[in-house]
>>> print(open('model_36.txt').read())   # compact mmCIF, N, CA and C atoms
# COMPACT_ATOMS: atom_id res chain seq x y z
N MET A 212 80.96 119.12 94.59
CA MET A 212 80.52 117.75 94.42
C MET A 212 80.65 117.28 92.98
N LYS A 213 80.57 118.22 92.02
CA LYS A 213 80.61 117.82 90.62
C LYS A 213 81.91 117.12 90.27
N GLU A 214 82.99 117.54 90.89
CA GLU A 214 84.30 116.96 90.56
C GLU A 214 84.48 115.56 91.14
N LYS A 215 83.58 115.11 92.01
CA LYS A 215 83.73 113.81 92.65
C LYS A 215 82.79 112.74 92.08
N TRP A 216 82.12 113.00 90.97
CA TRP A 216 81.17 112.04 90.43
C TRP A 216 81.85 110.72 90.07
N LYS A 217 83.10 110.78 89.64
CA LYS A 217 83.82 109.55 89.29
C LYS A 217 84.05 108.69 90.54
N LEU A 218 84.34 109.34 91.65
CA LEU A 218 84.52 108.61 92.90
C LEU A 218 83.22 107.97 93.36
N PHE A 219 82.12 108.69 93.25
CA PHE A 219 80.83 108.14 93.64
C PHE A 219 80.45 106.94 92.77
N LEU A 220 80.69 107.06 91.47
CA LEU A 220 80.38 105.97 90.56
C LEU A 220 81.26 104.75 90.83
N ALA A 221 82.55 104.99 91.06
CA ALA A 221 83.47 103.89 91.40
C ALA A 221 83.05 103.23 92.72
N LEU A 222 82.63 104.04 93.68
CA LEU A 222 82.14 103.50 94.96
C LEU A 222 80.91 102.63 94.73
N GLY A 223 80.00 103.08 93.88
CA GLY A 223 78.82 102.30 93.55
C GLY A 223 79.19 100.98 92.89
N LEU A 224 80.16 101.00 91.99
CA LEU A 224 80.62 99.76 91.35
C LEU A 224 81.21 98.80 92.37
N MET A 225 81.96 99.32 93.32
CA MET A 225 82.55 98.46 94.35
C MET A 225 81.47 97.89 95.28
N LEU A 226 80.45 98.66 95.57
CA LEU A 226 79.33 98.14 96.37
C LEU A 226 78.61 97.03 95.60
N PHE A 227 78.41 97.24 94.30
CA PHE A 227 77.80 96.21 93.44
C PHE A 227 78.65 94.94 93.47
N PHE A 228 79.96 95.10 93.35
CA PHE A 228 80.88 93.96 93.38
C PHE A 228 80.79 93.24 94.72
N LEU A 229 80.79 94.00 95.82
CA LEU A 229 80.72 93.40 97.15
C LEU A 229 79.43 92.60 97.34
N VAL A 230 78.31 93.19 97.00
CA VAL A 230 77.03 92.50 97.16
C VAL A 230 76.98 91.25 96.28
N GLY A 231 77.36 91.39 95.03
CA GLY A 231 77.34 90.25 94.11
C GLY A 231 78.26 89.13 94.54
N HIS A 232 79.47 89.50 94.96
CA HIS A 232 80.44 88.49 95.38
C HIS A 232 79.98 87.79 96.65
N THR A 233 79.44 88.54 97.59
CA THR A 233 78.97 87.94 98.84
C THR A 233 77.81 86.99 98.59
N ILE A 234 76.86 87.40 97.77
CA ILE A 234 75.73 86.52 97.43
C ILE A 234 76.24 85.27 96.72
N GLY A 235 77.15 85.46 95.77
CA GLY A 235 77.72 84.32 95.05
C GLY A 235 78.46 83.36 95.97
N THR A 236 79.18 83.91 96.92
CA THR A 236 79.92 83.07 97.87
C THR A 236 78.97 82.27 98.77
N LEU A 237 77.94 82.92 99.25
CA LEU A 237 77.02 82.26 100.18
C LEU A 237 76.08 81.27 99.49
N THR A 238 75.86 81.42 98.20
CA THR A 238 74.94 80.52 97.49
C THR A 238 75.66 79.59 96.51
N ARG A 239 76.97 79.50 96.60
CA ARG A 239 77.72 78.73 95.61
C ARG A 239 77.44 77.23 95.65
N LYS A 240 76.87 76.74 96.71
CA LYS A 240 76.58 75.31 96.81
C LYS A 240 75.17 74.97 96.31
N ASN A 241 74.41 75.97 95.91
CA ASN A 241 73.07 75.73 95.37
C ASN A 241 73.18 75.42 93.88
N VAL A 242 73.59 74.21 93.57
CA VAL A 242 73.83 73.82 92.18
C VAL A 242 72.97 72.61 91.83
N THR A 243 72.76 72.43 90.54
CA THR A 243 71.97 71.30 90.08
C THR A 243 72.79 70.31 89.26
N ASN A 244 73.89 70.77 88.70
CA ASN A 244 74.74 69.91 87.89
C ASN A 244 75.40 68.84 88.76
N GLU A 245 75.28 67.60 88.36
CA GLU A 245 75.79 66.48 89.17
C GLU A 245 77.31 66.54 89.33
N LYS A 246 78.04 66.91 88.27
CA LYS A 246 79.50 66.99 88.37
C LYS A 246 79.92 68.10 89.34
N THR A 247 79.19 69.19 89.32
CA THR A 247 79.48 70.28 90.24
C THR A 247 79.23 69.85 91.67
N LYS A 248 78.14 69.13 91.90
CA LYS A 248 77.86 68.62 93.24
C LYS A 248 78.97 67.69 93.72
N GLN A 249 79.45 66.84 92.84
CA GLN A 249 80.55 65.92 93.19
C GLN A 249 81.82 66.69 93.51
N THR A 250 82.07 67.73 92.74
CA THR A 250 83.26 68.55 92.99
C THR A 250 83.18 69.23 94.36
N ILE A 251 82.02 69.78 94.68
CA ILE A 251 81.84 70.42 95.99
C ILE A 251 82.00 69.40 97.11
N LEU A 252 81.44 68.22 96.93
CA LEU A 252 81.59 67.16 97.93
C LEU A 252 83.07 66.78 98.12
N ALA A 253 83.80 66.70 97.01
CA ALA A 253 85.24 66.39 97.09
C ALA A 253 85.98 67.52 97.82
N MET A 254 85.61 68.77 97.55
CA MET A 254 86.25 69.90 98.22
C MET A 254 85.96 69.87 99.72
N GLU A 255 84.75 69.45 100.10
CA GLU A 255 84.37 69.41 101.51
C GLU A 255 85.03 68.26 102.27
N SER A 256 85.53 67.28 101.55
CA SER A 256 86.11 66.12 102.23
C SER A 256 87.63 65.99 102.02
N THR A 257 88.23 66.89 101.26
CA THR A 257 89.66 66.84 101.01
C THR A 257 90.37 67.90 101.84
N PHE A 258 91.34 67.47 102.61
CA PHE A 258 92.09 68.40 103.45
C PHE A 258 93.28 68.94 102.67
N VAL A 259 93.65 70.16 102.98
CA VAL A 259 94.73 70.84 102.29
C VAL A 259 96.07 70.33 102.81
N GLU A 260 96.96 70.04 101.89
CA GLU A 260 98.31 69.62 102.27
C GLU A 260 99.22 70.84 102.28
N LEU A 261 99.85 71.06 103.41
CA LEU A 261 100.77 72.17 103.58
C LEU A 261 102.19 71.61 103.68
N PRO A 262 103.20 72.46 103.56
CA PRO A 262 104.58 71.96 103.65
C PRO A 262 104.89 71.21 104.95
N ASN A 263 104.21 71.58 106.04
CA ASN A 263 104.48 70.92 107.31
C ASN A 263 103.46 69.82 107.63
N GLY A 264 102.67 69.40 106.65
CA GLY A 264 101.70 68.31 106.85
C GLY A 264 100.31 68.69 106.41
N ILE A 265 99.38 67.83 106.75
CA ILE A 265 97.98 68.05 106.36
C ILE A 265 97.34 69.07 107.30
N SER A 266 96.65 70.03 106.72
CA SER A 266 95.94 71.04 107.49
C SER A 266 94.67 70.42 108.08
N HIS A 267 94.12 71.06 109.09
CA HIS A 267 92.84 70.62 109.62
C HIS A 267 91.68 71.32 108.92
N HIS A 268 91.97 72.02 107.81
CA HIS A 268 90.95 72.70 107.01
C HIS A 268 90.81 72.02 105.66
N THR A 269 89.59 71.95 105.18
CA THR A 269 89.34 71.36 103.87
C THR A 269 89.56 72.40 102.78
N ILE A 270 89.62 71.93 101.56
CA ILE A 270 89.75 72.83 100.42
C ILE A 270 88.55 73.77 100.37
N ASP A 271 87.38 73.27 100.70
CA ASP A 271 86.18 74.09 100.71
C ASP A 271 86.29 75.21 101.75
N GLU A 272 86.84 74.90 102.92
CA GLU A 272 87.02 75.93 103.94
C GLU A 272 88.04 76.97 103.50
N PHE A 273 89.11 76.54 102.84
CA PHE A 273 90.09 77.49 102.30
C PHE A 273 89.43 78.38 101.26
N TYR A 274 88.64 77.79 100.38
CA TYR A 274 87.94 78.54 99.34
C TYR A 274 87.00 79.58 99.97
N GLN A 275 86.25 79.16 100.97
CA GLN A 275 85.34 80.06 101.66
C GLN A 275 86.10 81.20 102.34
N GLY A 276 87.20 80.85 102.99
CA GLY A 276 88.02 81.87 103.64
C GLY A 276 88.60 82.87 102.66
N MET A 277 89.06 82.39 101.52
CA MET A 277 89.61 83.30 100.51
C MET A 277 88.51 84.20 99.95
N SER A 278 87.31 83.68 99.82
CA SER A 278 86.19 84.49 99.34
C SER A 278 85.87 85.60 100.34
N PHE A 279 85.86 85.26 101.62
CA PHE A 279 85.60 86.28 102.64
C PHE A 279 86.77 87.28 102.73
N ALA A 280 87.99 86.82 102.46
CA ALA A 280 89.13 87.74 102.43
C ALA A 280 88.97 88.75 101.30
N LEU A 281 88.47 88.29 100.15
CA LEU A 281 88.21 89.22 99.05
C LEU A 281 87.12 90.22 99.45
N ASP A 282 86.08 89.75 100.12
CA ASP A 282 85.04 90.66 100.61
C ASP A 282 85.65 91.72 101.53
N ALA A 283 86.55 91.30 102.41
CA ALA A 283 87.20 92.25 103.32
C ALA A 283 88.03 93.27 102.56
N SER A 284 88.72 92.83 101.52
CA SER A 284 89.52 93.77 100.74
C SER A 284 88.63 94.73 99.94
N ILE A 285 87.48 94.25 99.48
CA ILE A 285 86.54 95.15 98.80
C ILE A 285 86.04 96.21 99.79
N LEU A 286 85.76 95.79 101.03
CA LEU A 286 85.35 96.75 102.06
C LEU A 286 86.44 97.78 102.33
N LEU A 287 87.69 97.35 102.32
CA LEU A 287 88.81 98.28 102.50
C LEU A 287 88.83 99.31 101.38
N VAL A 288 88.66 98.86 100.14
CA VAL A 288 88.65 99.78 99.00
C VAL A 288 87.47 100.75 99.12
N ILE A 289 86.31 100.25 99.52
CA ILE A 289 85.15 101.11 99.71
C ILE A 289 85.45 102.17 100.78
N GLY A 290 86.10 101.76 101.86
CA GLY A 290 86.48 102.71 102.91
C GLY A 290 87.44 103.77 102.40
N ILE A 291 88.41 103.37 101.61
CA ILE A 291 89.37 104.34 101.05
C ILE A 291 88.66 105.32 100.14
N LEU A 292 87.75 104.81 99.30
CA LEU A 292 87.00 105.70 98.42
C LEU A 292 86.14 106.67 99.23
N MET A 293 85.55 106.20 100.33
CA MET A 293 84.75 107.09 101.18
C MET A 293 85.62 108.18 101.80
N ILE A 294 86.83 107.83 102.17
CA ILE A 294 87.76 108.84 102.71
C ILE A 294 88.06 109.88 101.64
N CYS A 295 88.32 109.42 100.41
CA CYS A 295 88.61 110.35 99.31
C CYS A 295 87.42 111.27 99.02
N ILE A 296 86.22 110.75 99.20
CA ILE A 296 85.02 111.55 98.94
C ILE A 296 84.75 112.53 100.08
N LYS A 297 84.82 112.07 101.31
CA LYS A 297 84.35 112.85 102.46
C LYS A 297 85.39 113.79 103.07
N ASP A 298 86.65 113.42 103.06
CA ASP A 298 87.67 114.19 103.78
C ASP A 298 88.17 115.36 102.94
N ASP A 299 87.64 116.53 103.22
CA ASP A 299 88.05 117.73 102.49
C ASP A 299 89.42 118.23 102.95
N ASN A 300 89.91 117.75 104.09
CA ASN A 300 91.23 118.16 104.58
C ASN A 300 92.35 117.30 104.01
N LEU A 301 91.99 116.29 103.23
CA LEU A 301 92.98 115.40 102.63
C LEU A 301 93.81 116.18 101.61
N THR A 302 95.12 116.11 101.74
CA THR A 302 95.97 116.84 100.80
C THR A 302 95.90 116.20 99.42
N ARG A 303 96.24 116.99 98.42
CA ARG A 303 96.24 116.50 97.04
C ARG A 303 97.17 115.29 96.91
N SER A 304 98.33 115.37 97.50
CA SER A 304 99.31 114.28 97.43
C SER A 304 98.78 113.00 98.08
N SER A 305 98.15 113.14 99.24
CA SER A 305 97.59 111.98 99.94
C SER A 305 96.47 111.35 99.12
N LYS A 306 95.62 112.20 98.56
CA LYS A 306 94.52 111.70 97.75
C LYS A 306 95.04 110.96 96.53
N GLU A 307 96.06 111.50 95.89
CA GLU A 307 96.66 110.85 94.73
C GLU A 307 97.22 109.48 95.10
N GLN A 308 97.88 109.39 96.24
CA GLN A 308 98.46 108.12 96.67
C GLN A 308 97.37 107.09 96.97
N LEU A 309 96.33 107.51 97.64
CA LEU A 309 95.20 106.60 97.91
C LEU A 309 94.56 106.13 96.60
N LEU A 310 94.36 107.07 95.69
CA LEU A 310 93.77 106.69 94.40
C LEU A 310 94.67 105.73 93.63
N LEU A 311 95.97 105.94 93.67
CA LEU A 311 96.89 105.02 92.97
C LEU A 311 96.81 103.62 93.55
N PHE A 312 96.70 103.53 94.87
CA PHE A 312 96.55 102.22 95.51
C PHE A 312 95.28 101.52 95.03
N VAL A 313 94.16 102.26 95.03
CA VAL A 313 92.88 101.67 94.62
C VAL A 313 92.88 101.36 93.13
N ILE A 314 93.53 102.19 92.32
CA ILE A 314 93.65 101.90 90.88
C ILE A 314 94.42 100.60 90.68
N PHE A 315 95.52 100.43 91.41
CA PHE A 315 96.29 99.19 91.31
C PHE A 315 95.44 97.99 91.71
N TRP A 316 94.70 98.12 92.82
CA TRP A 316 93.86 97.01 93.30
C TRP A 316 92.79 96.66 92.29
N THR A 317 92.04 97.67 91.81
CA THR A 317 90.94 97.38 90.89
C THR A 317 91.46 96.83 89.57
N THR A 318 92.59 97.33 89.10
CA THR A 318 93.16 96.81 87.85
C THR A 318 93.61 95.37 88.03
N SER A 319 94.24 95.07 89.15
CA SER A 319 94.70 93.71 89.43
C SER A 319 93.53 92.74 89.53
N ILE A 320 92.50 93.11 90.28
CA ILE A 320 91.34 92.24 90.43
C ILE A 320 90.63 92.07 89.09
N SER A 321 90.60 93.11 88.29
CA SER A 321 89.99 93.00 86.97
C SER A 321 90.75 92.00 86.10
N ALA A 322 92.07 92.11 86.07
CA ALA A 322 92.88 91.18 85.27
C ALA A 322 92.71 89.74 85.75
N LEU A 323 92.77 89.55 87.06
CA LEU A 323 92.59 88.20 87.62
C LEU A 323 91.20 87.64 87.32
N SER A 324 90.20 88.51 87.37
CA SER A 324 88.84 88.06 87.08
C SER A 324 88.68 87.68 85.61
N PHE A 325 89.29 88.45 84.71
CA PHE A 325 89.23 88.09 83.29
C PHE A 325 89.90 86.74 83.04
N ILE A 326 91.00 86.49 83.75
CA ILE A 326 91.75 85.24 83.54
C ILE A 326 91.09 84.05 84.22
N TYR A 327 90.68 84.20 85.48
CA TYR A 327 90.28 83.04 86.28
C TYR A 327 88.79 82.95 86.61
N ILE A 328 88.05 84.04 86.56
CA ILE A 328 86.70 83.98 87.08
C ILE A 328 85.71 84.18 85.93
N PHE A 329 85.01 85.29 85.88
CA PHE A 329 84.09 85.54 84.78
C PHE A 329 83.94 87.04 84.57
N PRO A 330 83.31 87.46 83.48
CA PRO A 330 83.36 88.87 83.07
C PRO A 330 82.72 89.90 83.99
N VAL A 331 81.68 89.57 84.74
CA VAL A 331 81.00 90.62 85.51
C VAL A 331 81.94 91.31 86.51
N PRO A 332 82.64 90.58 87.39
CA PRO A 332 83.55 91.30 88.29
C PRO A 332 84.71 91.94 87.54
N ALA A 333 85.13 91.33 86.45
CA ALA A 333 86.23 91.89 85.67
C ALA A 333 85.85 93.24 85.07
N ILE A 334 84.68 93.30 84.48
CA ILE A 334 84.23 94.56 83.87
C ILE A 334 83.92 95.60 84.94
N THR A 335 83.33 95.17 86.04
CA THR A 335 83.03 96.09 87.15
C THR A 335 84.31 96.77 87.64
N CYS A 336 85.35 95.97 87.88
CA CYS A 336 86.61 96.53 88.37
C CYS A 336 87.33 97.33 87.30
N LEU A 337 87.22 96.92 86.05
CA LEU A 337 87.85 97.68 84.97
C LEU A 337 87.22 99.06 84.85
N LEU A 338 85.90 99.12 84.89
CA LEU A 338 85.22 100.42 84.84
C LEU A 338 85.60 101.29 86.03
N ALA A 339 85.62 100.69 87.22
CA ALA A 339 86.02 101.45 88.42
C ALA A 339 87.44 101.97 88.27
N SER A 340 88.32 101.12 87.75
CA SER A 340 89.71 101.52 87.57
C SER A 340 89.83 102.70 86.60
N LEU A 341 89.09 102.65 85.51
CA LEU A 341 89.13 103.74 84.53
C LEU A 341 88.58 105.04 85.13
N LEU A 342 87.50 104.93 85.89
CA LEU A 342 86.95 106.12 86.56
C LEU A 342 87.95 106.69 87.56
N LEU A 343 88.59 105.81 88.32
CA LEU A 343 89.55 106.27 89.31
C LEU A 343 90.79 106.86 88.67
N PHE A 344 91.20 106.30 87.54
CA PHE A 344 92.33 106.89 86.81
C PHE A 344 91.96 108.30 86.35
N GLY A 345 90.73 108.45 85.86
CA GLY A 345 90.26 109.78 85.46
C GLY A 345 90.28 110.75 86.63
N GLN A 346 89.86 110.27 87.79
CA GLN A 346 89.87 111.11 88.99
C GLN A 346 91.30 111.44 89.40
N TRP A 347 92.19 110.46 89.34
CA TRP A 347 93.59 110.70 89.69
C TRP A 347 94.19 111.73 88.73
N TYR A 348 93.92 111.56 87.44
CA TYR A 348 94.44 112.48 86.43
C TYR A 348 93.95 113.90 86.71
N GLN A 349 92.66 114.02 87.03
CA GLN A 349 92.08 115.32 87.35
C GLN A 349 92.73 115.91 88.60
N THR A 350 92.92 115.09 89.62
CA THR A 350 93.54 115.55 90.86
C THR A 350 94.99 115.96 90.62
N HIS A 351 95.70 115.18 89.82
CA HIS A 351 97.12 115.40 89.60
C HIS A 351 97.40 116.63 88.72
N PHE A 352 96.58 116.86 87.71
CA PHE A 352 96.89 117.89 86.72
C PHE A 352 96.04 119.15 86.80
N GLN A 353 94.96 119.14 87.54
CA GLN A 353 94.12 120.33 87.65
C GLN A 353 94.65 121.20 88.77
N LYS A 354 94.94 122.44 88.47
CA LYS A 354 95.58 123.33 89.43
C LYS A 354 94.69 123.70 90.62
N ASN A 355 93.43 123.93 90.41
CA ASN A 355 92.54 124.39 91.49
C ASN A 355 91.74 123.27 92.10
N TYR A 356 92.21 122.04 92.00
CA TYR A 356 91.46 120.91 92.54
C TYR A 356 91.65 120.85 94.05
N ASN A 357 90.58 120.56 94.79
CA ASN A 357 90.67 120.41 96.25
C ASN A 357 91.06 119.01 96.59
>>> encode(input="model_36.txt", output="structure tokens")
Amino acid sequence: MKEKWKLFLALGLMLFFLVGHTIGTLTRKNVTNEKTKQTILAMESTFVELPNGISHHTIDEFYQGMSFALDASILLVIGILMICIKDDNLTRSSKEQLLLFVIFWTTSISALSFIYIFPVPAITCLLASLLLFGQWYQTHFQKNYN
């Protein structure tokens, strides 16, 4: 178990991200700023224009859907990390490939969060990515690693 502490910590960071993002998504309309309220109202009443015409979904519905899609992808990453932690029959090569996928995902989400969102999810994913890289490095270069 000692060799998997990085995976457990990364899993905890992803759970923190999931809970925080879900709460933020569900409470995003609880605002007091008048300009923010106007923006939300405009999002709720403006339909998305697609190449083949106007969608029957508003910008607000698209935003909500994309937020839930991110929640689903966080759940996927949590599932992959749980497989890496629990499955002792997982080959070294398979584990490395799964870790590389999750490292790519967490690094990408971290960069996007730094650019477009705010620091908490960015730092959470950056820390998870660094921990997972450490785990991948350990898995890849340690001879007696399971």
>>> atom_distance(input="model_36.txt", atom1="atom C of Ile291 (chain A)", atom2="atom N of Glu307 (chain A)")
10.5 Å
>>> select_by_dssp(input="model_36.txt", residues="region 259-294 of chain A", states="strand (DSSP E)", output="list in words")
Val259, Glu260, Leu261, Gly264, Ile265, Ser266, His267, His268 and Thr269 of chain A
>>> residues_around(input="model_36.txt", residues="Pro332 (chain A)", least_positions_apart="6", cutoff="7 Å", atoms="all atoms listed in the file", output="short mmCIF file (atom, residue, chain, number, x, y, z; two decimals) with N, CA and C atoms, keeping the file's coordinate frame")
data_model
loop_
_atom_site.label_atom_id
_atom_site.label_comp_id
_atom_site.auth_asym_id
_atom_site.auth_seq_id
_atom_site.Cartn_x
_atom_site.Cartn_y
_atom_site.Cartn_z
N PHE A 228 79.96 95.10 93.35
CA PHE A 228 80.88 93.96 93.38
C PHE A 228 80.79 93.24 94.72
N ILE A 320 92.50 93.11 90.28
CA ILE A 320 91.34 92.24 90.43
C ILE A 320 90.63 92.07 89.09
N SER A 321 90.60 93.11 88.29
CA SER A 321 89.99 93.00 86.97
C SER A 321 90.75 92.00 86.10
N SER A 324 90.20 88.51 87.37
CA SER A 324 88.84 88.06 87.08
C SER A 324 88.68 87.68 85.61
N PHE A 325 89.29 88.45 84.71
CA PHE A 325 89.23 88.09 83.29
C PHE A 325 89.90 86.74 83.04
#
>>> select_by_dssp(input="model_36.txt", residues="chain A", states="helix (DSSP H, G or I)", output="ChimeraX atom specification")
/A:213-237,245-256,270-297,303-327,330-352
>>> atom_distance(input="model_36.txt", atom1="atom N of Met277 (chain A)", atom2="CA of Thr236 (chain A)")
9.9 Å
>>> atom_distance(input="model_36.txt", atom1="atom N of Arg239 (chain A)", atom2="CA of Glu272 (chain A)")
12.9 Å
>>> residues_near_point(input="model_36.txt", point="(92.5, 108.0, 92.7)", cutoff="12 Å", atoms="only C-alpha atoms", output="PyMOL selection string")
chain A and resi 215+217-219+221-222+288+291-296+303-317+339-351
>>> write_last_selection(input="model_36.txt", atoms="N, CA and C atoms", output="compact mmCIF listing (two decimals), keeping the file's coordinate frame")
# COMPACT_ATOMS: atom_id res chain seq x y z
N LYS A 215 83.58 115.11 92.01
CA LYS A 215 83.73 113.81 92.65
C LYS A 215 82.79 112.74 92.08
N LYS A 217 83.10 110.78 89.64
CA LYS A 217 83.82 109.55 89.29
C LYS A 217 84.05 108.69 90.54
N LEU A 218 84.34 109.34 91.65
CA LEU A 218 84.52 108.61 92.90
C LEU A 218 83.22 107.97 93.36
N PHE A 219 82.12 108.69 93.25
CA PHE A 219 80.83 108.14 93.64
C PHE A 219 80.45 106.94 92.77
N ALA A 221 82.55 104.99 91.06
CA ALA A 221 83.47 103.89 91.40
C ALA A 221 83.05 103.23 92.72
N LEU A 222 82.63 104.04 93.68
CA LEU A 222 82.14 103.50 94.96
C LEU A 222 80.91 102.63 94.73
N VAL A 288 88.66 98.86 100.14
CA VAL A 288 88.65 99.78 99.00
C VAL A 288 87.47 100.75 99.12
N ILE A 291 88.41 103.37 101.61
CA ILE A 291 89.37 104.34 101.05
C ILE A 291 88.66 105.32 100.14
N LEU A 292 87.75 104.81 99.30
CA LEU A 292 87.00 105.70 98.42
C LEU A 292 86.14 106.67 99.23
N MET A 293 85.55 106.20 100.33
CA MET A 293 84.75 107.09 101.18
C MET A 293 85.62 108.18 101.80
N ILE A 294 86.83 107.83 102.17
CA ILE A 294 87.76 108.84 102.71
C ILE A 294 88.06 109.88 101.64
N CYS A 295 88.32 109.42 100.41
CA CYS A 295 88.61 110.35 99.31
C CYS A 295 87.42 111.27 99.02
N ILE A 296 86.22 110.75 99.20
CA ILE A 296 85.02 111.55 98.94
C ILE A 296 84.75 112.53 100.08
N ARG A 303 96.24 116.99 98.42
CA ARG A 303 96.24 116.50 97.04
C ARG A 303 97.17 115.29 96.91
N SER A 304 98.33 115.37 97.50
CA SER A 304 99.31 114.28 97.43
C SER A 304 98.78 113.00 98.08
N SER A 305 98.15 113.14 99.24
CA SER A 305 97.59 111.98 99.94
C SER A 305 96.47 111.35 99.12
N LYS A 306 95.62 112.20 98.56
CA LYS A 306 94.52 111.70 97.75
C LYS A 306 95.04 110.96 96.53
N GLU A 307 96.06 111.50 95.89
CA GLU A 307 96.66 110.85 94.73
C GLU A 307 97.22 109.48 95.10
N GLN A 308 97.88 109.39 96.24
CA GLN A 308 98.46 108.12 96.67
C GLN A 308 97.37 107.09 96.97
N LEU A 309 96.33 107.51 97.64
CA LEU A 309 95.20 106.60 97.91
C LEU A 309 94.56 106.13 96.60
N LEU A 310 94.36 107.07 95.69
CA LEU A 310 93.77 106.69 94.40
C LEU A 310 94.67 105.73 93.63
N LEU A 311 95.97 105.94 93.67
CA LEU A 311 96.89 105.02 92.97
C LEU A 311 96.81 103.62 93.55
N PHE A 312 96.70 103.53 94.87
CA PHE A 312 96.55 102.22 95.51
C PHE A 312 95.28 101.52 95.03
N VAL A 313 94.16 102.26 95.03
CA VAL A 313 92.88 101.67 94.62
C VAL A 313 92.88 101.36 93.13
N ILE A 314 93.53 102.19 92.32
CA ILE A 314 93.65 101.90 90.88
C ILE A 314 94.42 100.60 90.68
N PHE A 315 95.52 100.43 91.41
CA PHE A 315 96.29 99.19 91.31
C PHE A 315 95.44 97.99 91.71
N TRP A 316 94.70 98.12 92.82
CA TRP A 316 93.86 97.01 93.30
C TRP A 316 92.79 96.66 92.29
N THR A 317 92.04 97.67 91.81
CA THR A 317 90.94 97.38 90.89
C THR A 317 91.46 96.83 89.57
N ALA A 339 85.62 100.69 87.22
CA ALA A 339 86.02 101.45 88.42
C ALA A 339 87.44 101.97 88.27
N SER A 340 88.32 101.12 87.75
CA SER A 340 89.71 101.52 87.57
C SER A 340 89.83 102.70 86.60
N LEU A 341 89.09 102.65 85.51
CA LEU A 341 89.13 103.74 84.53
C LEU A 341 88.58 105.04 85.13
N LEU A 342 87.50 104.93 85.89
CA LEU A 342 86.95 106.12 86.56
C LEU A 342 87.95 106.69 87.56
N LEU A 343 88.59 105.81 88.32
CA LEU A 343 89.55 106.27 89.31
C LEU A 343 90.79 106.86 88.67
N PHE A 344 91.20 106.30 87.54
CA PHE A 344 92.33 106.89 86.81
C PHE A 344 91.96 108.30 86.35
N GLY A 345 90.73 108.45 85.86
CA GLY A 345 90.26 109.78 85.46
C GLY A 345 90.28 110.75 86.63
N GLN A 346 89.86 110.27 87.79
CA GLN A 346 89.87 111.11 88.99
C GLN A 346 91.30 111.44 89.40
N TRP A 347 92.19 110.46 89.34
CA TRP A 347 93.59 110.70 89.69
C TRP A 347 94.19 111.73 88.73
N TYR A 348 93.92 111.56 87.44
CA TYR A 348 94.44 112.48 86.43
C TYR A 348 93.95 113.90 86.71
N GLN A 349 92.66 114.02 87.03
CA GLN A 349 92.08 115.32 87.35
C GLN A 349 92.73 115.91 88.60
N THR A 350 92.92 115.09 89.62
CA THR A 350 93.54 115.55 90.86
C THR A 350 94.99 115.96 90.62
N HIS A 351 95.70 115.18 89.82
CA HIS A 351 97.12 115.40 89.60
C HIS A 351 97.40 116.63 88.72
>>> residues_around(input="model_36.txt", residues="region 255-261 of chain A", least_positions_apart="3", cutoff="12 Å", atoms="only C-alpha atoms", output="list in words")
Lys240, Lys248, Gln249, Thr250, Ile251, Leu252, Gly264, Ile265, Ser266, His267, His268, Thr269, Ile270, Asp271, Glu272, Phe273, Tyr274 and Gln275 of chain A
>>> decode(input="model_36.txt", residues="region 286-297 of chain A", atoms="N, CA and C atoms", output="PDB file, in the first residue's frame")
ATOM      1  N   LEU A 286     -15.654  11.682 -13.109  1.00  0.00           N
ATOM      2  CA  LEU A 286     -16.011  10.343 -12.613  1.00  0.00           C
ATOM      3  C   LEU A 286     -15.241   9.251 -13.350  1.00  0.00           C
ATOM      4  N   LEU A 287     -15.051   9.418 -14.643  1.00  0.00           N
ATOM      5  CA  LEU A 287     -14.267   8.457 -15.421  1.00  0.00           C
ATOM      6  C   LEU A 287     -12.836   8.390 -14.904  1.00  0.00           C
ATOM      7  N   VAL A 288     -12.232   9.543 -14.661  1.00  0.00           N
ATOM      8  CA  VAL A 288     -10.862   9.583 -14.148  1.00  0.00           C
ATOM      9  C   VAL A 288     -10.803   8.932 -12.762  1.00  0.00           C
ATOM     10  N   ILE A 289     -11.786   9.206 -11.920  1.00  0.00           N
ATOM     11  CA  ILE A 289     -11.844   8.579 -10.598  1.00  0.00           C
ATOM     12  C   ILE A 289     -11.929   7.059 -10.745  1.00  0.00           C
ATOM     13  N   GLY A 290     -12.745   6.586 -11.681  1.00  0.00           N
ATOM     14  CA  GLY A 290     -12.848   5.149 -11.926  1.00  0.00           C
ATOM     15  C   GLY A 290     -11.533   4.541 -12.381  1.00  0.00           C
ATOM     16  N   ILE A 291     -10.840   5.229 -13.267  1.00  0.00           N
ATOM     17  CA  ILE A 291      -9.537   4.727 -13.744  1.00  0.00           C
ATOM     18  C   ILE A 291      -8.539   4.668 -12.595  1.00  0.00           C
ATOM     19  N   LEU A 292      -8.528   5.706 -11.754  1.00  0.00           N
ATOM     20  CA  LEU A 292      -7.620   5.696 -10.608  1.00  0.00           C
ATOM     21  C   LEU A 292      -7.962   4.558  -9.649  1.00  0.00           C
ATOM     22  N   MET A 293      -9.252   4.284  -9.464  1.00  0.00           N
ATOM     23  CA  MET A 293      -9.652   3.171  -8.592  1.00  0.00           C
ATOM     24  C   MET A 293      -9.196   1.839  -9.166  1.00  0.00           C
ATOM     25  N   ILE A 294      -9.254   1.700 -10.476  1.00  0.00           N
ATOM     26  CA  ILE A 294      -8.756   0.468 -11.113  1.00  0.00           C
ATOM     27  C   ILE A 294      -7.261   0.339 -10.860  1.00  0.00           C
ATOM     28  N   CYS A 295      -6.520   1.434 -11.019  1.00  0.00           N
ATOM     29  CA  CYS A 295      -5.069   1.398 -10.785  1.00  0.00           C
ATOM     30  C   CYS A 295      -4.738   1.050  -9.337  1.00  0.00           C
ATOM     31  N   ILE A 296      -5.585   1.481  -8.419  1.00  0.00           N
ATOM     32  CA  ILE A 296      -5.348   1.200  -6.998  1.00  0.00           C
ATOM     33  C   ILE A 296      -5.732  -0.234  -6.646  1.00  0.00           C
ATOM     34  N   LYS A 297      -6.885  -0.686  -7.091  1.00  0.00           N
ATOM     35  CA  LYS A 297      -7.461  -1.952  -6.622  1.00  0.00           C
ATOM     36  C   LYS A 297      -7.012  -3.189  -7.397  1.00  0.00           C
TER      37      LYS A 297
END
